[in-house]
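Here the structure comes first, spelled out in structure tokens, and everything after it is commentary.
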Amino acid sequence: MALAGGLLVATVSTASGDQNSDSGTGAGAGAAGQPLQAAYSWDNVEINGGGFVPSVVFNRSEPDLVYARTDIGGAYRWNEQGQEWIPLLDEFGNDHWGYSGVASIATDPVEPDNVYAAVGSYTNDWDPGNGAILRSADRGETWQVTELPFKVGGNMPGRGMGERLVVDPHDNDVLYFGAPSGEGLWRSTDAGVTWREVASFPNPGDYAIDPSDSTGYLSDIIGVAWVTFDPRTGSAGSPTQTIYAGVADLQRSIYRSTDGGQTWQPVPGAPTGFLPHKGVLDEETGELYVTTSNDPGPYDGSDGEVWRYDTAAGTWTDISPVPAGPDRSFGFSGLAVDRQQPGTLMVSAYSLWWPDTQFFRSTDGGETWTRAWSYTSYPDRENRYTLDVSAVPWLDNGASPAPPEENPKLGWMTQGLEIDPFDSDRLLYGTGATLYGTTQLTNWDSDQTFTITPVVKGLEETAVLDLAAPPGDRTEVLSGLGDIGGFRHTDIGQVPARSFPSFGTTQSLDFAESAPNTVVRVGTHVGEGTAPTIQFSTDGGATWSDGTRPSQGVNGGTVAAAADGSRFVWAPSNGAVHVTRGIGQSWTASRGIPEGARVEADRVDPDVFYGLHQGTFYVSADGGATFTASPATGLPAGGSYFATTSAARGDIWVAGGTGLWHSADAGETFARVAGIEAETIGFGAPAPGAGYPALYAYGVVDGVRGIYRSTDAGASWERINDDQHQWGWTGAAITGDPDVFGRVYLGTNGRGVIYGEPAS
């Protein structure tokens with residue numbers, strides 16, 4: 001339920017500084033009670049994209065000032081000179097990991113240095129924190145935070161609708177935010193510092209996809225989806241008088257205020273039966289355009305309409321590009337108006353997955369439409385565009401689908417669609433995997449082909465589940481990613497040509513320490529899939545071959561490669577631990593180790609494997625055939641991460657979140673390492689003059705959470721990240737580079753693979 005109007009929300013300032021700088025803080029002893037700090041530089045291992053971009057927002061008063069928001073990877077600002085995106089929310093760490101989900105973003109048309117973001121990942125209990133409105137007076141270089149008294153769902157259903165957060169184009173002290181979960185409409189009159197619920201707003205929305213969903217993901221109310229001002233009804237310094245709002249309600253969905261938001265009424269004659277995804281006013285013609293669907297998206301939607309509202313006459317007209325019937329099996333969402341050419345607009349069929357998404361364009365206010373592609377003689381199609389993905393070649397996944405499907409696709413989940421208000425030729429649109437654009441859009445109107453390319457450099461949005469850095473010069477790092485498989489990087493500064501094939505999510509991967517070209521990975525399918533969920537490579541991950549599964553349906557979990565690559569142990573997430581010789585064509589159940597254990601291989605002895613389950617350590621000395629419980633005690637019972645080094649046989653480290661433990665005797669005994677509570681542990685090349693690998697950990701030292709390095713086998717630790725480089729939650733994977741001292745790779749949950757090196 002919405003809280004009563006009049007609540008003032010306290011303001012919290014975050015640490016200031018340039019979180020986008022590549023340089024870290026200075027080295028040296030920490031302040032009293034603070035850990036030692038080393039100077040590091042940070043950047044992304046280049047993948048470019050990899051996730052859903054729900055929206056892009058252009059500033060209406062300054063050319064080339066553009067922002068993009070993502071559902072798990074934060075927000076970005078476009079750097080026109082460098083032709084790349086700059087990440088803006090890296091300063092928020094584990095305590096505010098939910099801020100990586102950006103539900104809406106607003107750029108100030110009066111003072112372009114101001115930008116605002118509504119953040120929070122989930123409205124159910126997956127995200128323990130409430131949402132917030134972030135505000136910046138320096139284009140996102142630094143932020144201040146106003147916490148909200150409810151949660152915000154940047155990664156919830158309906159996240160591509162909007163924009164929910166807007167700045168009054170005449171009085172930029174006034175902002176509105178359309179809240180989810182039935183919390184209503186909220187307003188700030190002090191440039192986002194404090195917020196009050198608009199008590200007079202009559203309808204917080206009642207639509208949920210599945211009210212019976214016990215997880216809260218599908219049962220949450222979508223709420224107030226967008227707010228749009230009519231700038232013709234205001235003057236500089238005074239609030240805009242006429243405001244429209246779209247609500248996720250199948251009966252009464254469009255509301256209007258004509259007194260600056262004091263009172264609100266439903267707009268007579270507004271369409272019913274669908275959800276209003278977006279509402280955009282063409283102020284030159286006085287027409288409000290609305291796209292609708294029978295689902296909030298971003299995945300589903302089997303019907304929808306496009307409407308035009310004549311604000312002067314008070315009449316609604318259905319201008320849907322496709323009439324109701326069997327040819328309209330999708331909803332409409334993306335909506336862009338050309339500010340240079342009144343009456344020109346575009347809409348997207350966001351939920352048309354097969355054979356491809358579709359865009360419709362009209363130059364006469366929706367009276368007539370043309371399509372981005374059409375059939376000549378089914379299944380052959382003619383495209384108005386060419387799609388050049390050479391800058392991000394992995395978007396061409398090597399598939400050769402039968403017509404009318406093409407590879408690469410024009411897109412899917414295409415809810416974010418914007419025409420540059422200063423340049424009719426420039427279009428940006430988001431998909432489930434990247435951000436595309438063109439600078440030749442008006443070629444469409446003269447039946448000339450235009451070129452679409454990825455516009456995604458610098459925007460890194462992958463969830464990293466595992467990392468491995470083999471020794472030698474053939475491969476720098478292997479990554480296991482959600483949804484797009486993962487990559488083999490032979491150059492971390494270059495976008496790879498291909499992602500891993502067959503199944504979409506790689507949960508675990510490993511290489512043979514003394515034969516590092518031998519690699520194994522396991523994972524799960526994205527959606528339906530019957531192909532095996534284990535693959536092997538003998539060329540360092542360049543090519544892959546399928547293994548077989550020990551039993552039908554098992555997937556995911558962890559996998560380990562023997563030091564010489566002769567055998568592999570797989571502990572699926574939903575099955576018993578098994579071992580195979582060769583490349584997984586036949587499997588034998590391992591004895592003595594429980595289902596659900598995590599497994600690793602000894603990096604020296606090919607006959608030795610290890611397992612860990614609920615605080616009990618297991619050892620196999622016969623190549624994974626049988627395991628025996630170690631007598632070691634004191635290990636943490638829940639969710640422990642462990643890894644083995646190549647320094648010696650039996651050298652093991654366990655990171656349990658509450659501490660760090662080390663064994664030098666193949667797990668017979670473990671000693672707790674003082675001074676650190678580690679969630680992950682990884683190893684890299686020793687420091688000059690040192691004989692033992694450098695250790696890297698994500699954890700807490702002296703009460704400060706961060707990324708830490710030890711060059712003396714854990715006796716002392718230096719923090720190597722800083723408060724401007726935190727990247728939300730980074731507790732899934734970490735590894736050092738075995739060939740380059742000081743280089744570390746870490747996995748994020750939405751900001752891709754990050755690597756750091758000593759700043760010197």
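FYI, nothing fancy with the structure tokens labels: chains A, B, ... in order, residues from 1 per chain, ligands from 1 as they appear.
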
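Residues within 7 Å of segment 603-611 of chain A, counting only C-alpha atoms and excluding same-chain residues fewer than 5 positions away, are Glu513, Ala562, Ala563, Asp564, Ala597, Arg598, Phe617, Tyr618, Val619, Ser620, Ala621, Asp622, Gly623, Gly624, Thr644, Thr645, Ser646, Ala648 and Arg649 of chain A.
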
If we count only C-alpha atoms, what is near Pro688 of chain A at a cut-off of 9 Å, once residues fewer than 3 positions away on the same chain are taken out, given as an mmCIF file with all heavy atoms, in the first residue's frame?
```cif
data_model
loop_
_atom_site.group_PDB
_atom_site.id
_atom_site.type_symbol
_atom_site.label_atom_id
_atom_site.label_comp_id
_atom_site.auth_asym_id
_atom_site.auth_seq_id
_atom_site.Cartn_x
_atom_site.Cartn_y
_atom_site.Cartn_z
ATOM 1 N N ALA A 685 50.085 -14.513 -10.865
ATOM 2 C CA ALA A 685 51.542 -14.591 -10.887
ATOM 3 C C ALA A 685 52.127 -14.005 -9.605
ATOM 4 O O ALA A 685 51.621 -13.004 -9.077
ATOM 5 C CB ALA A 685 52.077 -13.834 -12.092
ATOM 6 N N GLY A 691 57.926 -16.379 -4.241
ATOM 7 C CA GLY A 691 57.806 -17.707 -4.818
ATOM 8 C C GLY A 691 56.404 -18.257 -4.794
ATOM 9 O O GLY A 691 56.143 -19.302 -5.391
ATOM 10 N N PHE A 741 52.020 -10.323 -13.225
ATOM 11 C CA PHE A 741 51.830 -9.984 -11.815
ATOM 12 C C PHE A 741 50.953 -8.735 -11.672
ATOM 13 O O PHE A 741 51.135 -7.734 -12.371
ATOM 14 C CB PHE A 741 53.162 -9.723 -11.106
ATOM 15 C CG PHE A 741 52.954 -9.099 -9.751
ATOM 16 C CD1 PHE A 741 52.355 -9.812 -8.728
ATOM 17 C CD2 PHE A 741 53.307 -7.766 -9.518
ATOM 18 C CE1 PHE A 741 52.124 -9.224 -7.488
ATOM 19 C CE2 PHE A 741 53.082 -7.170 -8.286
ATOM 20 C CZ PHE A 741 52.487 -7.909 -7.262
#
```

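Residues in contact range of Ala179 of chain A, defined as at most 9 Å between only C-alpha atoms, with sequence neighbours fewer than 2 positions away removed, read A:Phe150, A:Lys151, A:Val152, A:Arg164, A:Phe177, A:Ser181, A:Gly182, A:Glu183, A:Gly184, A:Leu185, A:Trp186, A:Pro204, A:Ile222, A:Gly223, A:Val224, A:Ala225.
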
Would you mind exporting C-alpha atoms of the selected residues as a PDB file, in the first residue's frame?
```
ATOM      1  CA  PHE A 150       9.263   1.371  -1.050  1.00  0.00           C
ATOM      2  CA  LYS A 151      11.122  -0.852  -3.471  1.00  0.00           C
ATOM      3  CA  VAL A 152      11.817  -0.131  -7.138  1.00  0.00           C
ATOM      4  CA  ARG A 164       8.516   6.762 -15.007  1.00  0.00           C
ATOM      5  CA  PHE A 177       8.047   9.439 -10.402  1.00  0.00           C
ATOM      6  CA  SER A 181       3.640  -1.961  -6.395  1.00  0.00           C
ATOM      7  CA  GLY A 182       0.569   0.251  -6.053  1.00  0.00           C
ATOM      8  CA  GLU A 183       2.583   3.054  -4.451  1.00  0.00           C
ATOM      9  CA  GLY A 184       1.076   5.679  -6.760  1.00  0.00           C
ATOM     10  CA  LEU A 185       2.523   8.868  -8.216  1.00  0.00           C
ATOM     11  CA  TRP A 186       5.237  10.799  -6.374  1.00  0.00           C
ATOM     12  CA  PRO A 204      -1.985   3.536  -8.568  1.00  0.00           C
ATOM     13  CA  ILE A 222       3.229  -2.694 -12.422  1.00  0.00           C
ATOM     14  CA  GLY A 223       1.935   0.693 -11.259  1.00  0.00           C
ATOM     15  CA  VAL A 224       2.302   4.124 -12.840  1.00  0.00           C
ATOM     16  CA  ALA A 225       4.339   3.491 -15.983  1.00  0.00           C
TER      17      ALA A 225
END
```

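The protein and nucleic acid residues lying at most 6 Å from segment 528-537 of chain A are A:Thr518, A:Val519, A:Val520, A:Arg521, A:Val522, A:Gly523, A:Thr524, A:His525, A:Gly541, A:Thr543, A:Trp544, A:Ser545, A:Asp546, A:Gly547, A:Thr548, A:Asn555, with only C-alpha atoms considered and sequence neighbours fewer than 3 positions away removed.
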
Export of prior selection with N, CA, C and O atoms as a tab-separated table (two decimals), in the first residue's frame:
```
chain	number	residue	atom	x	y	z
A	518	THR	N	43.15	-27.74	-22.76
A	518	THR	CA	42.02	-28.60	-22.46
A	518	THR	C	41.09	-27.87	-21.49
A	518	THR	O	41.49	-27.54	-20.37
A	519	VAL	N	39.88	-27.61	-21.94
A	519	VAL	CA	38.93	-26.80	-21.18
A	519	VAL	C	37.58	-27.51	-21.15
A	519	VAL	O	37.20	-28.19	-22.11
A	520	VAL	N	36.86	-27.35	-20.06
A	520	VAL	CA	35.52	-27.90	-19.92
A	520	VAL	C	34.61	-26.82	-19.36
A	520	VAL	O	35.04	-25.96	-18.59
A	521	ARG	N	33.35	-26.85	-19.76
A	521	ARG	CA	32.37	-25.92	-19.19
A	521	ARG	C	31.02	-26.61	-19.07
A	521	ARG	O	30.69	-27.51	-19.86
A	522	VAL	N	30.23	-26.20	-18.07
A	522	VAL	CA	28.89	-26.72	-17.86
A	522	VAL	C	27.95	-25.54	-17.61
A	522	VAL	O	28.37	-24.46	-17.21
A	523	GLY	N	26.67	-25.78	-17.86
A	523	GLY	CA	25.73	-24.69	-17.65
A	523	GLY	C	24.30	-25.12	-17.87
A	523	GLY	O	23.94	-26.30	-17.71
A	524	THR	N	23.47	-24.17	-18.28
A	524	THR	CA	22.05	-24.40	-18.49
A	524	THR	C	21.61	-23.71	-19.77
A	524	THR	O	22.25	-22.77	-20.25
A	525	HIS	N	20.49	-24.17	-20.28
A	525	HIS	CA	19.90	-23.53	-21.45
A	525	HIS	C	19.13	-22.28	-21.03
A	525	HIS	O	18.57	-22.22	-19.92
A	541	GLY	N	39.47	-23.21	-25.82
A	541	GLY	CA	38.16	-22.57	-25.86
A	541	GLY	C	37.83	-21.93	-27.19
A	541	GLY	O	36.80	-21.27	-27.31
A	543	THR	N	37.23	-23.67	-30.06
A	543	THR	CA	36.15	-24.49	-30.57
A	543	THR	C	35.72	-25.46	-29.48
A	543	THR	O	36.50	-25.77	-28.57
A	544	TRP	N	34.48	-25.97	-29.62
A	544	TRP	CA	33.90	-26.80	-28.57
A	544	TRP	C	33.21	-28.01	-29.18
A	544	TRP	O	32.69	-27.94	-30.30
A	545	SER	N	33.19	-29.10	-28.41
A	545	SER	CA	32.43	-30.28	-28.79
A	545	SER	C	31.55	-30.70	-27.62
A	545	SER	O	31.94	-30.54	-26.45
A	546	ASP	N	30.39	-31.23	-27.94
A	546	ASP	CA	29.45	-31.65	-26.90
A	546	ASP	C	29.94	-32.90	-26.20
A	546	ASP	O	30.45	-33.84	-26.84
A	547	GLY	N	29.74	-32.93	-24.90
A	547	GLY	CA	29.81	-34.18	-24.16
A	547	GLY	C	28.41	-34.75	-24.01
A	547	GLY	O	27.45	-34.23	-24.58
A	548	THR	N	28.31	-35.81	-23.27
A	548	THR	CA	27.00	-36.35	-22.92
A	548	THR	C	26.74	-36.05	-21.45
A	548	THR	O	27.67	-35.80	-20.67
A	555	ASN	N	22.19	-30.51	-15.24
A	555	ASN	CA	22.84	-29.34	-15.81
A	555	ASN	C	23.49	-28.53	-14.70
A	555	ASN	O	23.29	-28.77	-13.51
```

Self-check item: Exercise: segment 395-411 of chain A partners within 6 Å, only C-alpha atoms, chain neighbours under 2 positions left out, as a PyMOL selection string
Solution: chain A and resi 355+357+379-380+393+431

Writer output for current selection, N, CA and C atoms, as a PDB file, in the first residue's frame:
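Result went into out18.pdb, see below:
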```pdb
ATOM      1  N   PRO A 355       9.738 -14.123 -36.984  1.00  0.00           N
ATOM      2  CA  PRO A 355      11.150 -14.375 -37.337  1.00  0.00           C
ATOM      3  C   PRO A 355      12.095 -13.263 -36.882  1.00  0.00           C
ATOM      4  N   THR A 357      12.097  -8.979 -34.788  1.00  0.00           N
ATOM      5  CA  THR A 357      11.329  -7.821 -34.353  1.00  0.00           C
ATOM      6  C   THR A 357      10.947  -6.987 -35.576  1.00  0.00           C
ATOM      7  N   PRO A 379       8.973 -17.558 -47.950  1.00  0.00           N
ATOM      8  CA  PRO A 379       9.524 -16.926 -46.750  1.00  0.00           C
ATOM      9  C   PRO A 379      10.590 -15.862 -47.036  1.00  0.00           C
ATOM     10  N   ASP A 380      10.714 -15.432 -48.254  1.00  0.00           N
ATOM     11  CA  ASP A 380      11.736 -14.435 -48.580  1.00  0.00           C
ATOM     12  C   ASP A 380      11.287 -13.060 -48.093  1.00  0.00           C
ATOM     13  N   PRO A 393      31.384  -8.662 -33.395  1.00  0.00           N
ATOM     14  CA  PRO A 393      31.111  -9.790 -34.290  1.00  0.00           C
ATOM     15  C   PRO A 393      30.407 -10.966 -33.630  1.00  0.00           C
ATOM     16  N   THR A 431      17.971  -3.697 -27.446  1.00  0.00           N
ATOM     17  CA  THR A 431      17.495  -5.065 -27.623  1.00  0.00           C
ATOM     18  C   THR A 431      17.845  -5.856 -26.366  1.00  0.00           C
TER      19      THR A 431
END
```

Quiz prompt | Nearby residues (only C-alpha atoms) at most 7 Å from Gly74 of chain A, same-chain spacing under 6 positions excluded, as a ChimeraX atom specification | solution = /A:89,100-102

Okay, now the selection with N, CA and C atoms, as a PDB file, in the first residue's frame?
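The resulting file, again_20.pdb, is reproduced below:
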```pdb
ATOM      1  N   LEU A  89      27.444   4.360 -12.426  1.00  0.00           N
ATOM      2  CA  LEU A  89      27.034   3.911 -11.092  1.00  0.00           C
ATOM      3  C   LEU A  89      28.029   2.947 -10.463  1.00  0.00           C
ATOM      4  N   SER A 100      22.062  -1.234  -9.256  1.00  0.00           N
ATOM      5  CA  SER A 100      22.451  -1.570 -10.623  1.00  0.00           C
ATOM      6  C   SER A 100      21.248  -1.732 -11.539  1.00  0.00           C
ATOM      7  N   GLY A 101      20.072  -1.929 -10.962  1.00  0.00           N
ATOM      8  CA  GLY A 101      18.849  -1.978 -11.743  1.00  0.00           C
ATOM      9  C   GLY A 101      18.248  -0.594 -11.838  1.00  0.00           C
ATOM     10  N   VAL A 102      18.197  -0.027 -13.038  1.00  0.00           N
ATOM     11  CA  VAL A 102      17.741   1.352 -13.223  1.00  0.00           C
ATOM     12  C   VAL A 102      16.355   1.317 -13.871  1.00  0.00           C
TER      13      VAL A 102
END
```

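With distances restricted to only C-alpha atoms, A:Gly493 is the closest residue to Lys457 of chain A from A:Gly493, A:Gly582, A:Gly480, A:Pro276.
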
Practice problem: Would you mind telling me which residue in A:Arg77, A:Glu595, A:Val701, A:Thr616 lies nearest to Phe670 of chain A when using only C-alpha atoms? | Solution: A:Thr616

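Residue neighbourhood of segment 588-590 of chain A, excluding near-sequence residues (fewer than 2 positions): Pro550, Val569, Ala576, Val577, His578, Val579, Thr580, Ser586, Gly592, Ile593, Gly624, Ala625, Thr626 and Phe627 of chain A, at 9 Å, using only C-alpha atoms.
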
Exercise. Can you list, as a PyMOL selection string, all residues belonging to segment 200-412 of chain A that DSSP tags as strand (DSSP E)?
Key: chain A and resi 224-229+243-247+254-257+265-266+275-282+287-293+306-310+315-318+335-337+345-349+358-362+370-371+373-375+381-383+385-387

Practice problem: Write down as a ChimeraX atom specification the residues belonging to segment 163-397 of chain A that are assigned helix (DSSP H, G or I) by DSSP computed on the backbone. | Solution: /A:231-233,393-395

Go ahead and write the selection's residues with C-alpha atoms as a short mmCIF file (atom, residue, chain, number, x, y, z; two decimals), in the first residue's frame.
```cif
data_model
loop_
_atom_site.label_atom_id
_atom_site.label_comp_id
_atom_site.auth_asym_id
_atom_site.auth_seq_id
_atom_site.Cartn_x
_atom_site.Cartn_y
_atom_site.Cartn_z
CA PRO A 231 5.30 22.07 -22.58
CA ARG A 232 2.85 24.37 -24.39
CA THR A 233 1.05 24.87 -21.06
CA PRO A 393 31.11 -9.79 -34.29
CA TRP A 394 29.84 -12.23 -31.66
CA LEU A 395 26.32 -10.87 -32.29
#
```

Closest atom pairs, residues of segment 192-259 of chain A within 12 Å of segment 288-292 of chain A, only C-alpha atoms, as a tab-separated table:
```
residue	atom	partner	partner_atom	distance
A:Ala225	CA	A:Thr292	CA	11.5
A:Trp226	CA	A:Val290	CA	10.5
A:Val227	CA	A:Val290	CA	11.7
A:Thr228	CA	A:Leu288	CA	9.2
A:Phe229	CA	A:Leu288	CA	10.3
A:Asp230	CA	A:Leu288	CA	9.3
A:Ile243	CA	A:Leu288	CA	11.1
A:Tyr244	CA	A:Leu288	CA	9.1
A:Ala245	CA	A:Val290	CA	10.8
A:Gly246	CA	A:Val290	CA	8.9
A:Val247	CA	A:Thr292	CA	11.1
A:Ala248	CA	A:Thr292	CA	10.0
A:Asp249	CA	A:Thr292	CA	11.1
A:Leu250	CA	A:Thr292	CA	10.2
A:Ser253	CA	A:Thr292	CA	10.3
A:Ile254	CA	A:Val290	CA	9.4
A:Arg256	CA	A:Leu288	CA	11.6
```

Self-check item: Between atom CA of Glu677 of chain A and atom CA of Val700 of chain A - distance in Å to one decimal
Solution: 5.1 Å

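If only C-alpha atoms are the atoms counted, then among A:Asp90, A:Asp171, A:Asp739, A:Asp473 the closest residue to Val110 of chain A is A:Asp171.
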